[in-house]
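This is work.csv. It holds CSV, C-alpha atoms and all ligand atoms.
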```
chain,number,residue,atom,x,y,z
A,1028,MET,CA,101.3,126.3,150.0
A,1029,PHE,CA,97.8,125.7,148.7
A,1030,ILE,CA,98.8,124.6,145.2
A,1031,ARG,CA,100.0,121.4,146.8
A,1032,ARG,CA,96.3,120.6,147.2
A,1033,ILE,CA,95.5,121.5,143.6
A,1034,VAL,CA,95.5,118.4,141.6
A,1035,CYS,CA,93.6,118.1,138.3
A,1036,SER,CA,92.0,114.9,137.0
A,1037,LEU,CA,95.2,113.6,135.7
A,1038,PRO,CA,95.9,110.0,134.7
A,1039,HIS,CA,97.2,108.1,137.7
A,1040,SER,CA,100.8,108.2,136.3
A,1041,ASN,CA,100.8,111.9,136.8
A,1042,LEU,CA,100.6,111.6,140.5
A,1043,LEU,CA,104.3,111.1,140.3
A,1044,LEU,CA,104.5,114.8,139.8
A,1045,LEU,CA,103.5,115.7,143.2
A,1046,PRO,CA,106.2,116.8,145.5
A,1047,SER,CA,107.5,114.1,147.7
A,1048,SER,CA,106.4,116.0,150.7
A,1049,SER,CA,102.8,115.8,149.6
A,1050,PRO,CA,100.8,112.7,150.1
A,1051,PRO,CA,99.7,111.5,146.7
A,1052,LEU,CA,96.1,112.7,146.1
A,1053,LEU,CA,93.8,112.9,143.2
A,1054,LEU,CA,90.8,115.1,143.3
A,1055,SER,CA,88.4,114.1,140.5
A,1056,THR,CA,86.9,117.6,140.4
A,1057,PRO,CA,89.4,120.4,141.0
A,1058,ARG,CA,87.7,123.4,142.5
A,1059,THR,CA,90.5,125.8,141.8
A,1060,ILE,CA,92.5,125.2,138.7
A,1061,THR,CA,95.1,127.9,138.2
A,1062,ALA,CA,97.0,128.7,135.2
A,1063,ALA,CA,100.0,127.2,136.9
A,1064,ALA,CA,98.1,123.9,137.4
A,1065,ALA,CA,96.8,124.1,133.8
A,1066,ASP,CA,100.4,124.6,132.7
A,1067,LEU,CA,101.3,121.5,134.7
A,1068,VAL,CA,98.5,119.5,133.0
A,1069,HIS,CA,99.6,120.8,129.7
A,1070,ARG,CA,103.2,119.9,130.2
A,1071,ASN,CA,102.3,116.5,131.7
A,1072,THR,CA,100.0,115.4,129.0
A,1073,ARG,CA,102.3,116.4,126.2
A,1074,SER,CA,105.8,115.3,125.5
A,1075,GLY,CA,106.9,117.2,128.6
A,1076,PHE,CA,105.6,114.4,130.8
A,1077,ARG,CA,108.5,112.1,130.4
A,1078,GLN,CA,111.1,114.8,130.9
A,1079,SER,CA,109.4,116.3,133.9
A,1080,ARG,CA,109.2,113.0,135.8
A,1081,SER,CA,112.8,113.4,136.8
A,1082,ARG,CA,112.3,116.8,138.3
A,1083,PRO,CA,108.8,117.1,139.7
A,1084,HIS,CA,109.8,119.3,142.6
A,1085,ARG,CA,111.3,122.1,140.6
A,1086,MET,CA,108.3,122.1,138.2
A,1087,MET,CA,105.8,122.2,141.0
A,1088,ALA,CA,107.7,124.9,142.8
A,1089,SER,CA,107.7,127.2,139.8
A,1090,SER,CA,104.1,126.4,139.2
A,1091,CYS,CA,103.1,127.5,142.7
A,1092,ARG,CA,104.2,131.1,142.3
A,1093,THR,CA,101.3,132.2,140.1
A,1094,THR,CA,98.4,130.7,142.0
A,1095,ASP,CA,96.5,133.5,143.5
A,1096,ALA,CA,96.4,135.7,140.4
A,1097,PHE,CA,93.3,133.9,139.0
A,1098,ALA,CA,89.7,133.8,140.0
A,1099,PRO,CA,88.4,130.4,141.2
A,1100,LEU,CA,86.6,128.2,138.6
A,1101,PRO,CA,82.9,127.4,139.1
A,1102,PRO,CA,82.1,123.9,140.3
A,1103,SER,CA,81.9,121.2,137.6
A,1104,THR,CA,78.1,121.1,138.2
A,1105,ALA,CA,77.8,124.8,137.1
A,1106,ASP,CA,76.1,125.7,133.8
A,1107,LYS,CA,78.1,124.2,131.0
A,1108,VAL,CA,78.4,127.5,129.0
A,1109,GLU,CA,79.6,129.3,132.1
A,1110,LEU,CA,82.0,126.5,132.9
A,1111,VAL,CA,83.5,126.5,129.4
A,1112,ARG,CA,83.9,130.3,129.5
A,1113,ALA,CA,85.6,130.1,132.8
A,1114,LEU,CA,88.0,127.3,131.6
A,1115,GLU,CA,88.8,129.3,128.5
A,1116,SER,CA,89.4,132.5,130.4
A,1117,THR,CA,91.7,130.7,132.9
A,1118,LEU,CA,93.6,129.0,130.1
A,1119,GLY,CA,93.8,132.3,128.2
A,1120,SER,CA,92.3,131.3,124.9
A,1121,SER,CA,89.0,130.0,123.6
A,1122,PHE,CA,88.5,126.3,122.6
A,1123,SER,CA,88.9,125.7,118.9
A,1124,SER,CA,86.6,123.6,116.8
A,1125,GLU,CA,89.3,123.0,114.3
A,1126,PRO,CA,90.1,119.3,113.8
A,1127,LEU,CA,93.0,118.2,116.0
A,1128,ALA,CA,94.3,115.7,113.5
A,1129,PRO,CA,95.3,116.5,109.9
A,1130,PRO,CA,93.0,115.1,107.2
A,1131,PRO,CA,94.2,111.6,106.2
A,1132,ASN,CA,96.2,111.5,103.0
A,1133,PRO,CA,94.9,109.5,100.0
A,1134,GLN,CA,96.9,106.3,99.7
A,1135,ILE,CA,97.9,104.0,96.8
A,1136,ILE,CA,97.2,100.4,97.7
A,1137,VAL,CA,98.8,97.8,95.5
A,1138,ILE,CA,97.2,94.3,95.7
A,1139,SER,CA,99.1,91.4,94.2
A,1140,GLY,CA,99.5,87.7,94.6
A,1141,PRO,CA,99.7,84.5,92.6
A,1142,SER,CA,97.2,83.7,89.9
A,1143,GLY,CA,93.9,82.4,91.3
A,1144,VAL,CA,94.5,83.6,94.8
A,1145,GLY,CA,91.5,85.9,94.7
A,1146,LYS,CA,92.8,89.3,93.7
A,1147,ASP,CA,89.7,90.1,91.6
A,1148,ALA,CA,87.3,88.7,94.1
A,1149,VAL,CA,88.8,90.7,97.0
A,1150,ILE,CA,88.8,94.0,95.0
A,1151,LYS,CA,85.3,93.4,93.7
A,1152,LYS,CA,84.0,93.0,97.3
A,1153,LEU,CA,86.1,95.9,98.5
A,1154,GLN,CA,84.5,98.1,95.9
A,1155,GLU,CA,81.0,97.0,97.0
A,1156,ILE,CA,81.5,97.7,100.7
A,1157,ARG,CA,83.9,100.7,100.8
A,1158,GLN,CA,83.5,104.3,99.9
A,1159,GLY,CA,86.3,106.6,98.8
A,1160,ILE,CA,88.4,104.1,96.8
A,1161,HIS,CA,89.1,104.1,93.2
A,1162,PHE,CA,90.1,100.9,91.4
A,1163,VAL,CA,92.4,101.9,88.6
A,1164,VAL,CA,91.1,101.0,85.1
A,1165,THR,CA,94.1,99.7,83.1
A,1166,ALA,CA,94.7,100.9,79.6
A,1167,THR,CA,95.2,98.1,77.0
A,1168,SER,CA,95.9,97.8,73.3
A,1169,ARG,CA,94.1,94.5,73.0
A,1170,ALA,CA,90.7,94.2,71.4
A,1171,LYS,CA,87.6,94.4,73.5
A,1172,ARG,CA,86.1,90.9,74.3
A,1173,PRO,CA,82.3,90.3,74.2
A,1174,GLY,CA,80.7,91.6,77.4
A,1175,GLU,CA,83.6,93.9,78.3
A,1176,VAL,CA,82.8,97.6,78.9
A,1177,ASP,CA,85.3,100.3,77.8
A,1178,GLY,CA,86.2,102.4,80.9
A,1179,LYS,CA,85.0,99.8,83.3
A,1180,ASP,CA,87.0,96.6,82.5
A,1181,TYR,CA,89.8,98.4,80.6
A,1182,HIS,CA,90.4,101.6,78.7
A,1183,PHE,CA,90.7,100.1,75.2
A,1184,VAL,CA,93.1,102.1,73.0
A,1185,THR,CA,94.8,101.5,69.7
A,1186,LYS,CA,98.4,100.3,69.7
A,1187,GLU,CA,99.5,103.7,68.2
A,1188,LYS,CA,97.7,105.6,71.0
A,1189,PHE,CA,99.3,103.3,73.6
A,1190,LEU,CA,102.8,103.9,72.2
A,1191,SER,CA,102.2,107.7,72.3
A,1192,MET,CA,101.1,107.3,75.9
A,1193,ILE,CA,104.5,105.6,76.6
A,1194,GLU,CA,106.3,108.4,74.7
A,1195,ARG,CA,104.6,111.1,76.7
A,1196,ASN,CA,105.4,109.4,80.0
A,1197,GLU,CA,101.7,109.1,80.8
A,1198,LEU,CA,101.9,105.6,82.3
A,1199,LEU,CA,103.0,104.8,85.8
A,1200,GLU,CA,103.9,101.3,84.7
A,1201,TYR,CA,103.3,99.2,81.5
A,1202,ALA,CA,104.0,95.8,80.1
A,1203,LEU,CA,103.8,93.9,76.9
A,1204,VAL,CA,101.7,90.8,77.6
A,1205,TYR,CA,101.3,88.2,74.8
A,1206,GLY,CA,102.0,90.9,72.2
A,1207,GLU,CA,99.5,93.5,73.7
A,1208,TYR,CA,100.2,96.4,75.9
A,1209,LYS,CA,98.7,97.0,79.3
A,1210,GLY,CA,99.5,100.0,81.5
A,1211,VAL,CA,98.4,102.2,84.4
A,1212,PRO,CA,97.5,105.8,83.4
A,1213,LYS,CA,99.0,108.3,85.8
A,1214,GLN,CA,96.4,111.0,85.1
A,1215,GLN,CA,93.6,108.8,86.4
A,1216,ILE,CA,95.4,108.3,89.6
A,1217,ARG,CA,96.1,112.0,90.0
A,1218,ASP,CA,92.5,113.0,89.3
A,1219,PHE,CA,91.1,110.6,91.9
A,1220,MET,CA,93.7,111.3,94.5
A,1221,SER,CA,93.0,115.0,94.2
A,1222,LYS,CA,89.4,114.3,95.0
A,1223,GLY,CA,90.5,112.4,98.2
A,1224,PHE,CA,90.1,108.9,96.9
A,1225,ASP,CA,92.4,106.0,97.8
A,1226,ILE,CA,93.7,104.2,94.8
A,1227,VAL,CA,93.7,100.4,94.4
A,1228,LEU,CA,95.9,98.8,91.9
A,1229,ARG,CA,95.7,95.1,91.0
A,1230,VAL,CA,98.9,93.8,89.5
A,1231,ASP,CA,100.7,90.6,89.1
A,1232,ILE,CA,103.9,90.0,91.0
A,1233,GLN,CA,106.1,91.3,88.2
A,1234,GLY,CA,104.0,94.5,88.1
A,1235,ALA,CA,104.3,94.9,91.8
A,1236,THR,CA,108.1,94.7,91.6
A,1237,THR,CA,108.1,97.4,89.0
A,1238,LEU,CA,105.7,99.6,91.0
A,1239,ARG,CA,107.8,99.1,94.1
A,1240,SER,CA,110.8,100.4,92.2
A,1241,ILE,CA,108.8,103.4,91.0
A,1242,LEU,CA,106.7,104.2,94.1
A,1243,GLY,CA,109.1,102.9,96.8
A,1244,ARG,CA,107.6,103.2,100.3
A,1245,SER,CA,105.0,105.8,99.2
A,1246,ALA,CA,102.5,103.1,98.4
A,1247,VAL,CA,101.1,100.2,100.4
A,1248,PHE,CA,101.9,96.8,99.0
A,1249,ILE,CA,99.6,93.8,100.0
A,1250,PHE,CA,100.5,90.3,99.1
A,1251,LEU,CA,97.5,87.9,98.9
A,1252,VAL,CA,98.0,84.2,99.5
A,1253,ALA,CA,95.9,81.2,99.8
A,1254,GLU,CA,96.1,79.3,103.1
A,1255,ASN,CA,98.1,76.5,101.4
A,1256,GLU,CA,99.1,75.3,97.9
A,1257,SER,CA,96.3,72.7,97.6
A,1258,ALA,CA,93.7,75.4,98.3
A,1259,LEU,CA,95.2,77.6,95.5
A,1260,VAL,CA,95.3,74.7,93.0
A,1261,ASN,CA,91.7,73.7,93.8
A,1262,ARG,CA,90.6,77.3,93.4
A,1263,LEU,CA,92.2,77.6,90.0
A,1264,ILE,CA,90.7,74.2,88.8
A,1265,ASP,CA,87.2,75.2,90.1
A,1266,ARG,CA,87.4,78.5,88.2
A,1267,LYS,CA,87.4,76.5,85.0
A,1268,THR,CA,89.1,79.2,83.0
A,1269,GLU,CA,92.4,77.5,82.3
A,1270,THR,CA,93.6,74.7,80.0
A,1271,THR,CA,95.7,72.0,81.7
A,1272,ASP,CA,98.8,73.6,80.2
A,1273,MET,CA,97.9,77.0,81.6
A,1274,LEU,CA,97.1,75.5,85.0
A,1275,LEU,CA,100.6,74.0,85.1
A,1276,ILE,CA,102.2,77.3,84.2
A,1277,ARG,CA,100.2,79.3,86.7
A,1278,ILE,CA,100.9,76.8,89.5
A,1279,ALA,CA,104.6,76.6,88.7
A,1280,MET,CA,104.8,80.4,88.6
A,1281,ALA,CA,102.9,80.7,91.9
A,1282,ARG,CA,105.7,78.6,93.5
A,1283,GLU,CA,108.2,81.1,92.4
A,1284,GLU,CA,106.1,84.2,93.1
A,1285,ILE,CA,105.5,83.2,96.7
A,1286,LYS,CA,109.2,84.0,97.3
A,1287,HIS,CA,108.5,87.7,96.6
A,1288,MET,CA,106.3,88.0,99.6
A,1289,VAL,CA,109.2,89.5,101.6
A,1290,ASP,CA,109.2,92.5,99.3
A,1291,PHE,CA,105.7,93.5,100.4
A,1292,ASP,CA,104.4,95.5,103.4
A,1293,TYR,CA,101.6,93.1,104.4
A,1294,VAL,CA,100.6,89.5,103.7
A,1295,VAL,CA,96.9,88.6,103.8
A,1296,VAL,CA,95.7,85.1,103.8
A,1297,ASN,CA,92.6,84.6,101.6
A,1298,ALA,CA,91.3,81.4,103.0
A,1299,GLN,CA,88.7,79.2,101.4
A,1300,GLY,CA,85.2,80.5,102.1
A,1301,LYS,CA,86.6,83.4,104.1
A,1302,LEU,CA,86.5,86.1,101.5
A,1303,ASN,CA,84.7,88.5,103.8
A,1304,ASP,CA,87.4,88.2,106.5
A,1305,THR,CA,90.1,88.8,103.9
A,1306,VAL,CA,88.4,92.0,102.7
A,1307,LYS,CA,88.0,93.1,106.3
A,1308,LEU,CA,91.7,92.7,106.9
A,1309,VAL,CA,92.5,94.6,103.8
A,1310,GLU,CA,90.2,97.4,105.0
A,1311,SER,CA,91.9,97.4,108.4
A,1312,ILE,CA,95.3,97.8,106.7
A,1313,ILE,CA,94.0,100.8,104.7
A,1314,ASP,CA,92.5,102.3,107.8
A,1315,SER,CA,95.6,102.0,109.8
A,1316,GLU,CA,97.8,103.3,107.0
A,1317,LYS,CA,95.5,106.4,106.9
A,1318,ALA,CA,95.7,106.8,110.6
A,1319,LYS,CA,99.5,107.0,110.6
A,1320,VAL,CA,101.0,110.1,112.3
A,1321,THR,CA,103.5,110.3,109.5
A,1322,PRO,CA,101.6,109.1,106.5
A,1323,ARG,CA,103.0,107.9,103.2
A,1324,ILE,CA,103.2,110.8,100.8
A,1325,VAL,CA,102.5,109.8,97.2
A,1326,SER,CA,104.0,111.9,94.4
A,1327,ILE,CA,103.5,110.6,90.8
B,1401,LIG,N1,88.2,83.2,99.8
B,1401,LIG,C1,87.8,82.5,98.8
B,1401,LIG,N2,87.2,81.3,99.0
B,1401,LIG,C2,86.7,80.6,97.9
B,1401,LIG,N3,86.8,81.0,96.6
B,1401,LIG,C3,87.5,82.1,96.4
B,1401,LIG,C4,88.0,82.9,97.4
B,1401,LIG,N4,88.6,84.0,96.9
B,1401,LIG,C5,88.5,83.9,95.5
B,1401,LIG,N5,87.8,82.7,95.2
B,1401,LIG,C6,87.5,82.2,93.9
B,1401,LIG,O1,88.8,81.7,93.4
B,1401,LIG,C7,88.8,82.0,92.0
B,1401,LIG,C8,90.1,82.8,91.7
B,1401,LIG,O2,89.8,84.1,92.2
B,1401,LIG,P1,90.2,85.4,91.3
B,1401,LIG,O3,89.8,85.2,89.9
B,1401,LIG,O4,89.7,86.6,92.0
B,1401,LIG,O5,91.8,85.3,91.4
B,1401,LIG,P2,92.9,86.3,90.8
B,1401,LIG,O6,94.0,86.3,91.8
B,1401,LIG,O7,92.3,87.5,90.4
B,1401,LIG,O8,93.4,85.4,89.6
B,1401,LIG,P3,94.2,85.8,88.2
B,1401,LIG,O9,95.4,86.5,88.7
B,1401,LIG,O10,94.4,84.6,87.5
B,1401,LIG,O11,93.3,86.7,87.5
B,1401,LIG,C9,87.5,82.6,91.6
B,1401,LIG,O12,86.7,81.6,91.1
B,1401,LIG,C10,87.0,83.2,92.9
B,1401,LIG,O13,85.6,83.3,92.9
```
If you convert what's in this file into structure tokens, what do you get?
Amino acid sequence: MFIRRIVCSLPHSNLLLLPSSSPPLLLSTPRTITAAAADLVHRNTRSGFRQSRSRPHRMMASSCRTTDAFAPLPPSTADKVELVRALESTLGSSFSSEPLAPPPNPQIIVISGPSGVGKDAVIKKLQEIRQGIHFVVTATSRAKRPGEVDGKDYHFVTKEKFLSMIERNELLEYALVYGEYKGVPKQQIRDFMSKGFDIVLRVDIQGATTLRSILGRSAVFIFLVAENESALVNRLIDRKTETTDMLLIRIAMAREEIKHMVDFDYVVVNAQGKLNDTVKLVESIIDSEKAKVTPRIVSI
């Protein structure tokens, strides 16, 4: 039976599919690929491969029957257009230019970690080097400080306006911090996601816990840590933004916050002087999340 000689350029593992009576052979350029052989390739290279390993003989036997109904293919050295046409005709349909993978879904990435670990520094760098992400601008009822820009640093709103946003369920999450409100506007997230942007949220550990209860597994949670406690303390001291009392509070809180690492999807070490590596790792996480066969579906 001449089909026993017809072997496509299959991965080596597919040699297992040859009947045991045939010596294993692999022709790199098949001269005569029949629909039966194409069917064999199709079944082998898709999920059928695993199943068919156990019954190669039957499959090959059924494949053999249709061999002589098709014209031989031109050699692989033939004109490309002619070759493609012949392949299409043998396979019974033309080759599509439609993307084989679905477009990646926009993701929500929540970046959290103890105070001074480098959340702002990482996000700032990420914004500089990566397209297609939107860093959510938080709404706040507190007064604008000198140098702050409305719509960039925060959306500054009155307390009344903030309360009406809460009332109308317009905030994904909000908190009262030192007597002033801070919250994440839902509409901003919806608008940017509908344009295909990934969303980055920067929250403290408490905010991350709240967001996890709202978003569940539909968002990606990244916990940033310093390489060790001393590095974190030095970073906070060097930033020169805290009084000694505040330093004490932040460091004591960090000791507690570290225990929440287990509630996150990823932990990323932001080591001293390695900010670029940290950002690269965060990017890799985003990329691999977007490449998932079953992506996280966000609905807010
Ligand atoms: N990998 C790093 N190496 C050295 N310094 C860093 C690194 N990452 C951040 N820093 C510095 O550490 C300090 C704290 O970083 P940053 O302000 O981004 O932390 P944060 O987590 O946003 O803090 P907070 O929650 O208190 O706002 C900053 O001075 C920042 O420039």
Chain A near ligand LIG 1401 (chain B) within 6 Å: what's each residue's closest atom pair and its distance in Å to one decimal, counting all atoms listed in the file, ordered by chain then ascending residue number, as a Markdown table?
```
| residue | atom | partner | partner_atom | distance |
| --- | --- | --- | --- | --- |
| A:Ser1142 | CA | B:LIG1401 | O9 | 3.5 |
| A:Gly1143 | CA | B:LIG1401 | O8 | 3.5 |
| A:Val1144 | CA | B:LIG1401 | O6 | 4.1 |
| A:Gly1145 | CA | B:LIG1401 | O4 | 3.3 |
| A:Lys1146 | CA | B:LIG1401 | O6 | 3.7 |
| A:Asp1147 | CA | B:LIG1401 | O4 | 3.5 |
| A:Ala1148 | CA | B:LIG1401 | O4 | 3.8 |
| A:Arg1262 | CA | B:LIG1401 | O1 | 4.8 |
| A:Leu1263 | CA | B:LIG1401 | C8 | 5.9 |
| A:Arg1266 | CA | B:LIG1401 | O12 | 4.3 |
| A:Asn1297 | CA | B:LIG1401 | N1 | 5.0 |
| A:Ala1298 | CA | B:LIG1401 | N1 | 4.8 |
| A:Gln1299 | CA | B:LIG1401 | N2 | 3.5 |
| A:Gly1300 | CA | B:LIG1401 | N2 | 3.8 |
| A:Lys1301 | CA | B:LIG1401 | N1 | 4.6 |
| A:Leu1302 | CA | B:LIG1401 | N1 | 3.8 |
```
Go ahead and save the picked residues with C-alpha atoms, as a PDB file, in the frame of the given file.
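Written out: again-v2.pdb:
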```pdb
ATOM      1  CA  SER A1142      97.200  83.700  89.900  1.00  0.00           C
ATOM      2  CA  GLY A1143      93.900  82.400  91.300  1.00  0.00           C
ATOM      3  CA  VAL A1144      94.500  83.600  94.800  1.00  0.00           C
ATOM      4  CA  GLY A1145      91.500  85.900  94.700  1.00  0.00           C
ATOM      5  CA  LYS A1146      92.800  89.300  93.700  1.00  0.00           C
ATOM      6  CA  ASP A1147      89.700  90.100  91.600  1.00  0.00           C
ATOM      7  CA  ALA A1148      87.300  88.700  94.100  1.00  0.00           C
ATOM      8  CA  ARG A1262      90.600  77.300  93.400  1.00  0.00           C
ATOM      9  CA  LEU A1263      92.200  77.600  90.000  1.00  0.00           C
ATOM     10  CA  ARG A1266      87.400  78.500  88.200  1.00  0.00           C
ATOM     11  CA  ASN A1297      92.600  84.600 101.600  1.00  0.00           C
ATOM     12  CA  ALA A1298      91.300  81.400 103.000  1.00  0.00           C
ATOM     13  CA  GLN A1299      88.700  79.200 101.400  1.00  0.00           C
ATOM     14  CA  GLY A1300      85.200  80.500 102.100  1.00  0.00           C
ATOM     15  CA  LYS A1301      86.600  83.400 104.100  1.00  0.00           C
ATOM     16  CA  LEU A1302      86.500  86.100 101.500  1.00  0.00           C
TER      17      LEU A1302
END
```
**Q.** Residue with smallest distance to Lys1179 of chain A - pool A:Val1294, A:Leu1308, A:Val1164, A:Val1211, counting only C-alpha atoms
**A.**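 Distance minimum relative to Lys1179 of chain A lands on A:Val1164.
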Q) What is the distance between atom CA of Gly1234 of chain A and atom CA of Asp1292 of chain A, in Å to one decimal? A) 15.3 Å
**Q.** Nearest candidate to Val1137 of chain A (options A:Ser1311, A:Ser1245, A:Gln1158, A:Thr1270; using only C-alpha atoms)
**A.** A:Ser1245
Q: Have a look at A:Ala1253, A:Met1288, A:Ala1202, A:Ile1135 and name the one nearest to Ile1226 of chain A; count only C-alpha atoms.
A: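 Counting only C-alpha atoms, the residue closest to Ile1226 of chain A is A:Ile1135.
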**Q.** Minimum-distance residue to Lys1222 of chain A, chosen among A:Ile1160, A:Ala1113, A:Leu1153, A:Ala1098 (using all atoms listed in the file)
**A.**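 Residue with the minimum atom-to-atom distance to Lys1222 of chain A: A:Ile1160.
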(Q) Please report the interatomic distance between atom CA of Asp1314 of chain A and atom CA of Thr1236 of chain A in Å with one decimal. (A)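 According to the coordinates, atom CA of Asp1314 of chain A and atom CA of Thr1236 of chain A are separated by 23.7 Å.
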Q. Interatomic distance between atom CA of Arg1195 of chain A and atom CA of Arg1172 of chain A?
A.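 Separating atom CA of Arg1195 of chain A from atom CA of Arg1172 of chain A is a distance of 27.5 Å.
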Q: Compare A:Arg1323, A:Leu1114, A:Ile1278, A:Asp1225 by their minimum atom-to-atom distance to Pro1102 of chain A, counting all atoms listed in the file, and give me the closest one.
A: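 Smallest distance to Pro1102 of chain A is found for A:Leu1114.
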Q.
Considering only C-alpha atoms, can you say which of A:Ser1191, A:Thr1271, A:Ser1124, A:Asn1132 comes closest to Gly1159 of chain A?
A. A:Asn1132
